[in-house]
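Next comes final-v9.csv, a file with CSV, C-alpha atoms.
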```csv
chain,number,residue,atom,x,y,z
A,1,MET,CA,0.0,0.0,0.0
A,2,SER,CA,1.4,3.4,-1.0
A,3,THR,CA,2.3,5.7,1.9
A,4,ALA,CA,1.7,9.0,0.1
A,5,THR,CA,-1.9,10.2,0.4
A,6,LEU,CA,-4.0,11.6,-2.4
A,7,GLY,CA,-6.1,14.8,-2.2
A,8,SER,CA,-9.5,14.9,-3.9
A,9,LEU,CA,-8.2,16.9,-6.9
A,10,GLU,CA,-5.1,14.7,-7.1
A,11,LEU,CA,-7.3,11.6,-7.3
A,12,ALA,CA,-9.6,13.2,-9.9
A,13,VAL,CA,-6.5,14.1,-12.0
A,14,LEU,CA,-5.1,10.6,-11.8
A,15,LEU,CA,-8.4,9.1,-12.9
A,16,ALA,CA,-8.6,11.6,-15.8
A,17,VAL,CA,-5.1,10.5,-16.9
A,18,VAL,CA,-6.2,6.8,-16.7
A,19,ARG,CA,-9.4,7.6,-18.7
A,20,LEU,CA,-7.7,9.7,-21.4
A,21,GLY,CA,-4.9,7.1,-22.0
A,22,ASN,CA,-2.6,8.3,-24.8
A,23,ASP,CA,-4.4,11.7,-25.0
A,24,ALA,CA,-3.6,12.7,-21.4
A,25,TYR,CA,-2.0,16.1,-21.6
A,26,GLY,CA,-2.7,19.3,-19.6
A,27,LEU,CA,-5.5,20.8,-21.6
A,28,ALA,CA,-7.3,17.5,-22.2
A,29,ILE,CA,-7.1,16.6,-18.5
A,30,ARG,CA,-8.5,20.0,-17.5
A,31,ARG,CA,-11.4,19.7,-19.9
A,32,ASP,CA,-12.2,16.2,-18.7
A,33,LEU,CA,-12.1,17.3,-15.1
A,34,SER,CA,-14.3,20.3,-15.8
A,35,ALA,CA,-16.8,18.3,-17.7
A,36,ARG,CA,-17.1,15.7,-15.0
A,37,THR,CA,-17.1,17.9,-11.9
A,38,HIS,CA,-18.8,20.9,-13.5
A,39,ARG,CA,-16.1,23.1,-12.0
A,40,ASP,CA,-13.9,25.3,-14.1
A,41,TYR,CA,-10.4,24.4,-12.9
A,42,SER,CA,-7.6,26.9,-13.8
A,43,VAL,CA,-4.7,25.9,-16.0
A,44,GLY,CA,-2.4,26.7,-13.0
A,45,ALA,CA,-4.4,24.4,-10.6
A,46,THR,CA,-4.2,21.5,-13.1
A,47,TYR,CA,-0.5,21.9,-13.8
A,48,THR,CA,0.6,22.3,-10.2
A,49,THR,CA,-1.4,19.1,-9.3
A,50,LEU,CA,0.2,17.3,-12.3
A,51,GLN,CA,3.6,18.4,-11.1
A,52,ARG,CA,2.9,17.3,-7.6
A,53,LEU,CA,1.7,13.9,-8.7
A,54,GLU,CA,4.9,13.5,-10.8
A,55,GLU,CA,7.0,14.4,-7.9
A,56,LYS,CA,5.2,11.8,-5.8
A,57,GLY,CA,6.0,9.2,-8.4
A,58,PHE,CA,2.4,8.6,-9.4
A,59,LEU,CA,2.8,10.0,-12.9
A,60,THR,CA,5.4,9.9,-15.6
A,61,SER,CA,5.5,12.2,-18.7
A,62,LYS,CA,7.0,12.5,-22.1
A,63,THR,CA,7.0,15.4,-24.5
A,64,SER,CA,5.6,15.3,-28.0
A,65,ASP,CA,7.0,17.1,-31.1
A,66,PRO,CA,6.4,20.9,-31.2
A,67,LEU,CA,2.9,21.8,-32.5
A,68,PRO,CA,1.9,24.9,-34.4
A,69,VAL,CA,-1.4,25.2,-32.4
A,70,ARG,CA,0.7,25.6,-29.3
A,71,GLY,CA,2.9,28.3,-30.7
A,72,GLY,CA,5.6,25.8,-31.6
A,73,ARG,CA,5.6,24.3,-28.1
A,74,SER,CA,5.3,20.6,-27.4
A,75,ARG,CA,2.6,18.8,-25.4
A,76,ARG,CA,3.6,16.8,-22.3
A,77,HIS,CA,1.7,13.5,-22.2
A,78,PHE,CA,1.2,11.9,-18.8
A,79,ALA,CA,0.8,8.3,-17.8
A,80,VAL,CA,0.0,6.7,-14.5
A,81,THR,CA,2.8,4.7,-12.9
A,82,GLY,CA,2.5,1.4,-10.9
A,83,ALA,CA,2.6,3.5,-7.7
A,84,GLY,CA,-0.1,5.7,-9.1
A,85,ARG,CA,-2.4,2.7,-9.8
A,86,LYS,CA,-1.7,1.5,-6.3
A,87,ALA,CA,-2.6,4.9,-4.9
A,88,ILE,CA,-5.9,4.9,-6.9
A,89,ARG,CA,-6.8,1.4,-5.7
A,90,ASN,CA,-6.0,2.5,-2.1
A,91,ALA,CA,-8.2,5.6,-2.4
A,92,GLN,CA,-11.0,3.4,-3.8
A,93,LEU,CA,-10.7,1.0,-0.9
A,94,VAL,CA,-10.6,3.8,1.7
A,95,SER,CA,-13.7,5.4,0.1
A,96,ALA,CA,-15.6,2.1,0.0
A,97,SER,CA,-14.7,1.6,3.6
A,98,ILE,CA,-15.9,5.1,4.6
A,99,TRP,CA,-19.2,4.6,2.7
A,100,ALA,CA,-19.8,1.0,4.0
A,101,GLY,CA,-23.2,0.6,5.7
A,102,ILE,CA,-24.5,3.9,4.4
A,103,GLY,CA,-27.0,3.8,1.6
A,104,THR,CA,-27.4,7.1,-0.3
A,105,PRO,CA,-31.2,7.3,0.4
A,106,SER,CA,-30.5,7.3,4.2
A,107,ILE,CA,-28.5,10.5,4.0
A,108,PRO,CA,-30.8,13.2,5.6
A,109,GLU,CA,-31.9,15.9,3.3
A,110,PRO,CA,-30.5,19.4,4.2
A,111,THR,CA,-33.2,21.5,5.8
B,1,MET,CA,-2.7,33.7,-37.7
B,2,ILE,CA,-4.1,33.9,-34.1
B,3,THR,CA,-1.7,35.2,-31.5
B,4,PRO,CA,-2.3,35.4,-27.7
B,5,PRO,CA,-1.9,38.8,-26.0
B,6,ARG,CA,1.8,39.5,-26.0
B,7,THR,CA,2.2,41.1,-22.6
B,8,ALA,CA,0.1,38.5,-20.8
B,9,GLU,CA,2.0,35.7,-22.5
B,10,LEU,CA,5.3,37.3,-21.5
B,11,PHE,CA,4.2,37.6,-17.9
B,12,LEU,CA,3.2,33.9,-17.9
B,13,ASP,CA,6.5,33.0,-19.6
B,14,ALA,CA,8.5,35.0,-17.0
B,15,LEU,CA,6.5,33.7,-14.1
B,16,ALA,CA,7.2,30.0,-14.1
B,17,GLU,CA,10.5,28.7,-12.9
B,18,GLU,CA,11.1,25.3,-14.4
B,19,THR,CA,11.5,25.3,-18.2
B,20,ALA,CA,9.2,22.3,-18.9
B,21,PHE,CA,6.5,23.6,-16.6
B,22,ARG,CA,6.7,27.0,-18.3
B,23,GLU,CA,6.4,25.4,-21.8
B,24,ASP,CA,3.4,23.4,-20.6
B,25,LEU,CA,1.6,26.4,-19.2
B,26,VAL,CA,2.3,28.8,-22.1
B,27,GLY,CA,1.5,26.0,-24.6
B,28,ASP,CA,-1.9,25.1,-23.0
B,29,PHE,CA,-2.8,28.8,-22.8
B,30,ALA,CA,-1.9,29.2,-26.5
B,31,GLU,CA,-3.9,26.1,-27.5
B,32,GLU,CA,-7.0,27.1,-25.6
B,33,PHE,CA,-6.7,30.6,-26.8
B,34,ALA,CA,-6.6,29.5,-30.4
B,35,ASP,CA,-9.7,27.2,-29.8
B,36,ARG,CA,-11.6,30.0,-28.1
B,37,ALA,CA,-10.7,32.6,-30.8
B,38,ARG,CA,-12.0,30.3,-33.5
B,39,ARG,CA,-15.2,29.5,-31.5
B,40,ASP,CA,-16.0,32.7,-29.7
B,41,GLY,CA,-13.9,35.4,-31.4
B,42,THR,CA,-10.6,37.0,-30.6
B,43,ARG,CA,-12.0,39.5,-28.2
B,44,ALA,CA,-13.6,36.8,-26.0
B,45,ALA,CA,-10.5,34.7,-26.2
B,46,ARG,CA,-8.3,37.6,-25.1
B,47,PHE,CA,-10.6,38.2,-22.2
B,48,TRP,CA,-10.4,34.5,-21.3
B,49,TYR,CA,-6.6,34.7,-21.5
B,50,TYR,CA,-6.3,37.6,-19.0
B,51,ARG,CA,-8.9,36.1,-16.6
B,52,GLU,CA,-7.1,32.8,-16.7
B,53,LEU,CA,-3.8,34.4,-16.1
B,54,LEU,CA,-5.2,36.1,-13.0
B,55,ARG,CA,-6.5,32.7,-11.8
B,56,THR,CA,-3.3,30.9,-12.6
B,57,THR,CA,-0.8,33.3,-11.1
B,58,PRO,CA,-1.6,32.5,-7.4
B,59,HIS,CA,-1.3,28.8,-8.1
B,60,VAL,CA,2.1,29.1,-9.7
B,61,LEU,CA,3.4,31.5,-6.9
B,62,SER,CA,2.0,29.3,-4.1
B,63,ASN,CA,3.6,26.2,-5.8
B,64,TRP,CA,6.9,28.1,-6.0
B,65,VAL,CA,6.7,29.2,-2.3
B,66,SER,CA,5.8,25.7,-1.1
B,67,GLY,CA,8.9,24.3,-2.8
B,68,LEU,CA,11.1,27.2,-1.7
B,69,LYS,CA,14.3,26.3,0.0
B,70,ALA,CA,16.4,28.6,2.2
B,71,SER,CA,19.1,28.6,-0.6
B,72,ASP,CA,16.5,29.9,-3.1
B,73,ALA,CA,15.5,32.8,-0.8
B,74,VAL,CA,19.1,33.7,-0.2
B,75,ARG,CA,19.8,33.6,-4.0
B,76,LEU,CA,16.8,35.9,-4.7
B,77,VAL,CA,17.9,38.4,-2.0
B,78,SER,CA,21.5,38.3,-3.3
B,79,ILE,CA,20.3,38.9,-6.9
B,80,ALA,CA,18.2,41.9,-5.6
B,81,PHE,CA,21.2,43.5,-3.8
B,82,SER,CA,23.7,42.7,-6.6
B,83,SER,CA,21.4,44.3,-9.2
B,84,LEU,CA,20.8,47.3,-6.9
B,85,THR,CA,24.6,47.7,-6.5
B,86,PHE,CA,25.2,47.3,-10.2
B,87,LEU,CA,22.6,49.9,-10.9
B,88,LEU,CA,24.0,52.4,-8.4
B,89,VAL,CA,27.4,52.1,-10.0
B,90,LEU,CA,25.8,52.6,-13.5
B,91,ASP,CA,24.0,55.7,-12.1
B,92,LEU,CA,27.0,57.2,-10.5
B,93,LEU,CA,28.5,58.8,-13.6
B,94,PRO,CA,25.3,60.5,-14.9
B,95,ALA,CA,24.5,61.6,-11.3
B,96,VAL,CA,27.9,63.2,-10.9
B,97,MET,CA,27.4,64.9,-14.3
B,98,ILE,CA,24.0,66.2,-13.4
B,99,VAL,CA,25.2,67.6,-10.0
B,100,SER,CA,28.2,69.3,-11.8
B,101,ILE,CA,25.9,70.9,-14.4
B,102,ALA,CA,23.4,71.9,-11.7
B,103,ARG,CA,26.2,73.6,-9.8
B,104,THR,CA,27.4,75.4,-12.9
B,105,PHE,CA,24.0,76.9,-13.3
B,106,GLY,CA,23.9,78.0,-9.6
B,107,PHE,CA,21.9,75.2,-8.1
B,108,ALA,CA,24.1,74.3,-5.1
B,109,HIS,CA,21.9,71.5,-3.8
B,110,GLY,CA,20.7,68.5,-5.7
B,111,PHE,CA,17.6,66.5,-4.5
B,112,PRO,CA,18.0,65.8,-0.8
B,113,ILE,CA,16.9,62.4,0.4
B,114,GLY,CA,13.8,62.5,2.5
B,115,ALA,CA,10.0,62.6,2.5
B,116,PRO,CA,8.6,64.2,-0.6
B,117,ARG,CA,6.8,67.4,0.5
B,118,SER,CA,4.9,67.9,-2.7
B,119,ILE,CA,3.4,66.1,-5.7
B,120,THR,CA,5.9,67.9,-8.0
B,121,ARG,CA,8.8,66.6,-6.0
B,122,LEU,CA,7.3,63.1,-6.1
B,123,LEU,CA,6.8,63.3,-9.8
B,124,ILE,CA,10.4,64.4,-10.3
B,125,GLU,CA,11.6,61.6,-8.1
B,126,MET,CA,9.5,59.1,-10.0
B,127,ALA,CA,10.6,60.4,-13.4
B,128,ILE,CA,14.1,59.5,-12.3
B,129,ALA,CA,13.3,56.3,-10.4
B,130,ILE,CA,10.9,54.6,-12.8
B,131,PRO,CA,13.4,54.2,-15.8
B,132,ASN,CA,16.0,53.3,-13.2
B,133,ALA,CA,13.8,50.6,-11.7
B,134,ALA,CA,13.0,49.2,-15.1
B,135,LEU,CA,16.7,49.0,-15.9
B,136,GLY,CA,17.2,47.4,-12.5
B,137,GLY,CA,14.5,44.8,-13.5
B,138,VAL,CA,16.4,44.0,-16.7
B,139,ILE,CA,19.6,43.5,-14.7
B,140,ALA,CA,17.9,41.4,-12.0
B,141,ALA,CA,16.3,39.2,-14.7
B,142,TYR,CA,19.7,38.8,-16.4
B,143,LEU,CA,21.3,37.8,-13.1
B,144,GLY,CA,18.4,35.6,-12.0
B,145,ASP,CA,17.9,34.0,-15.4
B,146,ARG,CA,16.0,31.0,-14.0
B,147,THR,CA,13.3,33.1,-12.3
B,148,PRO,CA,13.3,36.4,-14.2
B,149,LEU,CA,10.0,37.7,-12.9
B,150,LEU,CA,10.6,36.7,-9.3
B,151,SER,CA,14.1,38.3,-9.5
B,152,GLY,CA,12.6,41.5,-10.7
B,153,LEU,CA,9.9,41.3,-8.0
B,154,ALA,CA,12.6,40.7,-5.3
B,155,LEU,CA,14.5,43.8,-6.5
B,156,GLY,CA,11.3,45.8,-6.4
B,157,VAL,CA,10.5,44.7,-2.9
B,158,VAL,CA,14.1,45.4,-1.7
B,159,TRP,CA,14.2,48.8,-3.5
B,160,ALA,CA,10.7,50.0,-2.4
B,161,GLY,CA,11.3,48.7,1.2
B,162,THR,CA,14.7,50.5,1.4
B,163,ALA,CA,13.2,53.7,0.1
B,164,PHE,CA,10.4,53.5,2.6
B,165,LEU,CA,12.8,52.8,5.4
B,166,VAL,CA,15.1,55.7,4.5
B,167,ARG,CA,12.2,58.1,4.5
B,168,PHE,CA,11.0,56.8,7.8
B,169,ILE,CA,14.5,57.2,9.4
B,170,VAL,CA,14.9,60.7,7.9
B,171,ALA,CA,11.5,61.7,9.3
B,172,LEU,CA,12.4,60.2,12.7
B,173,SER,CA,15.6,62.3,12.7
B,174,GLY,CA,13.5,65.4,12.4
B,175,HIS,CA,14.3,66.3,8.8
B,176,GLY,CA,10.8,65.7,7.4
B,177,ALA,CA,7.2,64.8,8.3
B,178,PHE,CA,5.9,61.3,8.3
B,179,GLY,CA,2.2,61.6,8.2
B,180,LEU,CA,-0.5,59.8,6.3
B,181,ALA,CA,0.2,61.9,3.2
B,182,THR,CA,3.8,60.8,3.2
B,183,ILE,CA,3.0,57.2,3.8
B,184,GLY,CA,0.5,57.4,0.8
B,185,MET,CA,3.1,59.0,-1.4
B,186,ALA,CA,5.7,56.4,-0.3
B,187,GLY,CA,3.2,53.7,-1.1
B,188,ILE,CA,2.5,55.0,-4.5
B,189,SER,CA,6.2,55.3,-5.3
B,190,GLY,CA,6.7,51.8,-4.0
B,191,ILE,CA,4.1,50.4,-6.3
B,192,LEU,CA,5.5,52.3,-9.3
B,193,ILE,CA,9.0,51.0,-8.5
B,194,LEU,CA,7.7,47.5,-8.1
B,195,GLY,CA,5.8,47.7,-11.4
B,196,SER,CA,8.8,49.1,-13.2
B,197,THR,CA,11.2,46.4,-12.0
B,198,VAL,CA,8.6,43.7,-13.1
B,199,LEU,CA,8.2,45.4,-16.5
B,200,GLY,CA,12.0,45.6,-16.8
B,201,ALA,CA,12.2,41.8,-16.1
B,202,MET,CA,9.5,41.1,-18.7
B,203,PHE,CA,11.4,43.2,-21.2
B,204,ARG,CA,14.5,41.1,-20.6
B,205,VAL,CA,12.3,37.9,-21.2
B,206,ARG,CA,10.9,39.4,-24.4
B,207,VAL,CA,14.4,40.1,-25.8
B,208,LYS,CA,15.7,36.7,-24.8
B,209,ARG,CA,12.8,34.5,-25.9
B,210,PRO,CA,11.6,35.2,-29.5
B,211,ARG,CA,7.9,35.1,-29.9
B,212,ALA,CA,6.2,31.9,-31.0
B,213,THR,CA,3.0,32.1,-32.9
B,214,ALA,CA,-0.1,30.1,-32.2
B,215,GLY,CA,-2.7,29.2,-34.8
B,216,SER,CA,-3.8,26.4,-36.9
```
What does this structure look like when you write it as structure tokens?
Amino acid sequence: MSTATLGSLELAVLLAVVRLGNDAYGLAIRRDLSARTHRDYSVGATYTTLQRLEEKGFLTSKTSDPLPVRGGRSRRHFAVTGAGRKAIRNAQLVSASIWAGIGTPSIPEPT
Amino acid sequence: MITPPRTAELFLDALAEETAFREDLVGDFAEEFADRARRDGTRAARFWYYRELLRTTPHVLSNWVSGLKASDAVRLVSIAFSSLTFLLVLDLLPAVMIVSIARTFGFAHGFPIGAPRSITRLLIEMAIAIPNAALGGVIAAYLGDRTPLLSGLALGVVWAGTAFLVRFIVALSGHGAFGLATIGMAGISGILILGSTVLGAMFRVRVKRPRATAGS
């Protein structure tokens, strides 16, 4: 089990990278996150999270060839490492454990 | 050819420390800008760029601060003081010339250091300080090549802080008032100096990194 913990945004970013596969680069990840969470994450928030995840060893990255649409800059494509997959599994187990015994309908409605 | 707003792009380019991180940020901004310009028009895309820059800056700065080591802070302060010293040496020759010319025309005294007593005096001081601060920003960005904007900012903070402190000490020694008006003027001059050093640093980045164009 991985010792490093995942924040909620970090987990969402890791899952987006898994989902996007070979197309997982900054802009695509941000769009995927925003579409699923209905929140407009800034470019800075996405990239600082990606950088943190790479430092933790949960992500690796490689750069593409320069692209005209990016002003001649390359894209950095991300992929989840073994440690990253372990961290996702761990977060899933923790979440399931926290939710165990609680059915969604039993949550009291806010008054 | 669709190109993002130049000043905003330069600011972003100068902001990030690590080269790969900077390329990612600026590249994503350029790609999204091009998409939005095609879909919503250039005006809306430019608005998005500036708004997104405002939202992104705190993240980049807080990321930088959270990874800041004591050695980084010492490096920034030393860059600020080195560029200030370099600038003072550069200024010395023209200053001596100005004082000599002033004396030739019968002005025995130059501009004494102290609290500005009038708006005119403040304006004269700023007319001298702003280009100097911008030049200082260029020097700081040159010396702190890895973090040009932060180096310019560090110089601005040291400069404005020193100027404020000098005025405070002069006022305490009984050579000038240090009321709210003086604090206000010192604050305005501090902001102008800080802005000028940042602009100087951005100018250095502009000269160093040729513009890339975004489009499809």
Review point. Interatomic distance between CA of Phe58 (chain A) and CA of Asp40 (chain A)?
Key: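 Rounded to one decimal, the two atoms are 23.8 Å apart.
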Near chain B, 9 Å: chain A residue rows, closest pairs, only C-alpha atoms, as a tab-separated table:
```
residue	atom	partner	partner_atom	distance
A:Gly26	CA	B:Asp28	CA	6.8
A:Leu27	CA	B:Asp28	CA	5.8
A:Ser42	CA	B:Thr56	CA	6.0
A:Val43	CA	B:Thr56	CA	6.2
A:Gly44	CA	B:Thr56	CA	4.3
A:Ala45	CA	B:His59	CA	5.9
A:Tyr47	CA	B:Leu25	CA	7.3
A:Thr48	CA	B:Asn63	CA	6.6
A:Gln51	CA	B:Phe21	CA	8.1
A:Leu67	CA	B:Ala214	CA	8.8
A:Pro68	CA	B:Ala214	CA	6.0
A:Val69	CA	B:Gly215	CA	4.8
A:Arg70	CA	B:Gly27	CA	4.8
A:Gly71	CA	B:Ala214	CA	3.8
A:Gly72	CA	B:Ala212	CA	6.2
A:Arg73	CA	B:Gly27	CA	5.7
A:Ser74	CA	B:Gly27	CA	7.2
A:Arg75	CA	B:Asp24	CA	6.7
A:Arg76	CA	B:Asp24	CA	6.8
```
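Distance check against Ser8 (chain A) using all atoms listed in the file: of A:Ile88, A:Ala35, A:Ile102, A:Leu93, the minimum falls on A:Ile88.
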Exercise for review: Go ahead and compute the interatomic distance for CA of Thr197 (chain B) and CA of Glu125 (chain B), in Å to one decimal.
Suggested key: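 So the answer is 15.7 Å.
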Point to revise | Between CA of Ala129 (chain B) and CA of Gly195 (chain B), distance in Å (one decimal) | key: 11.5 Å
Exercise for review: Show which residues sit within 10 Å of Gly137 (chain B), as a PyMOL selection string. Count all atoms listed in the file, and ignore same-chain residues fewer than 4 positions away.
Suggested key: chain B and resi 80+83-84+87+131-133+141-143+148-156+193-204
Any chance you could export the current selection's C-alpha atoms as a short mmCIF file (atom, residue, chain, number, x, y, z; two decimals), in the coordinates of the input?
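What landed in selection-v6.cif:
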```cif
data_model
loop_
_atom_site.label_atom_id
_atom_site.label_comp_id
_atom_site.auth_asym_id
_atom_site.auth_seq_id
_atom_site.Cartn_x
_atom_site.Cartn_y
_atom_site.Cartn_z
CA ALA B 80 18.20 41.90 -5.60
CA SER B 83 21.40 44.30 -9.20
CA LEU B 84 20.80 47.30 -6.90
CA LEU B 87 22.60 49.90 -10.90
CA PRO B 131 13.40 54.20 -15.80
CA ASN B 132 16.00 53.30 -13.20
CA ALA B 133 13.80 50.60 -11.70
CA ALA B 141 16.30 39.20 -14.70
CA TYR B 142 19.70 38.80 -16.40
CA LEU B 143 21.30 37.80 -13.10
CA PRO B 148 13.30 36.40 -14.20
CA LEU B 149 10.00 37.70 -12.90
CA LEU B 150 10.60 36.70 -9.30
CA SER B 151 14.10 38.30 -9.50
CA GLY B 152 12.60 41.50 -10.70
CA LEU B 153 9.90 41.30 -8.00
CA ALA B 154 12.60 40.70 -5.30
CA LEU B 155 14.50 43.80 -6.50
CA GLY B 156 11.30 45.80 -6.40
CA ILE B 193 9.00 51.00 -8.50
CA LEU B 194 7.70 47.50 -8.10
CA GLY B 195 5.80 47.70 -11.40
CA SER B 196 8.80 49.10 -13.20
CA THR B 197 11.20 46.40 -12.00
CA VAL B 198 8.60 43.70 -13.10
CA LEU B 199 8.20 45.40 -16.50
CA GLY B 200 12.00 45.60 -16.80
CA ALA B 201 12.20 41.80 -16.10
CA MET B 202 9.50 41.10 -18.70
CA PHE B 203 11.40 43.20 -21.20
CA ARG B 204 14.50 41.10 -20.60
#
```
Check your understanding: Can you tell me, as number ranges by chain, what residues are no more than 12 Å from Leu88 (chain B) when counting all atoms listed in the file, ignoring any on the same chain fewer than 5 positions away?
Key -> B: 81-83, 93-96, 129, 132-133, 135-136, 139, 159
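Shortest separation to Ser34 (chain A) among A:Val13, A:Ala91, A:Val80, A:Ala100 occurs at residue A:Val13, atoms counted being all atoms listed in the file.
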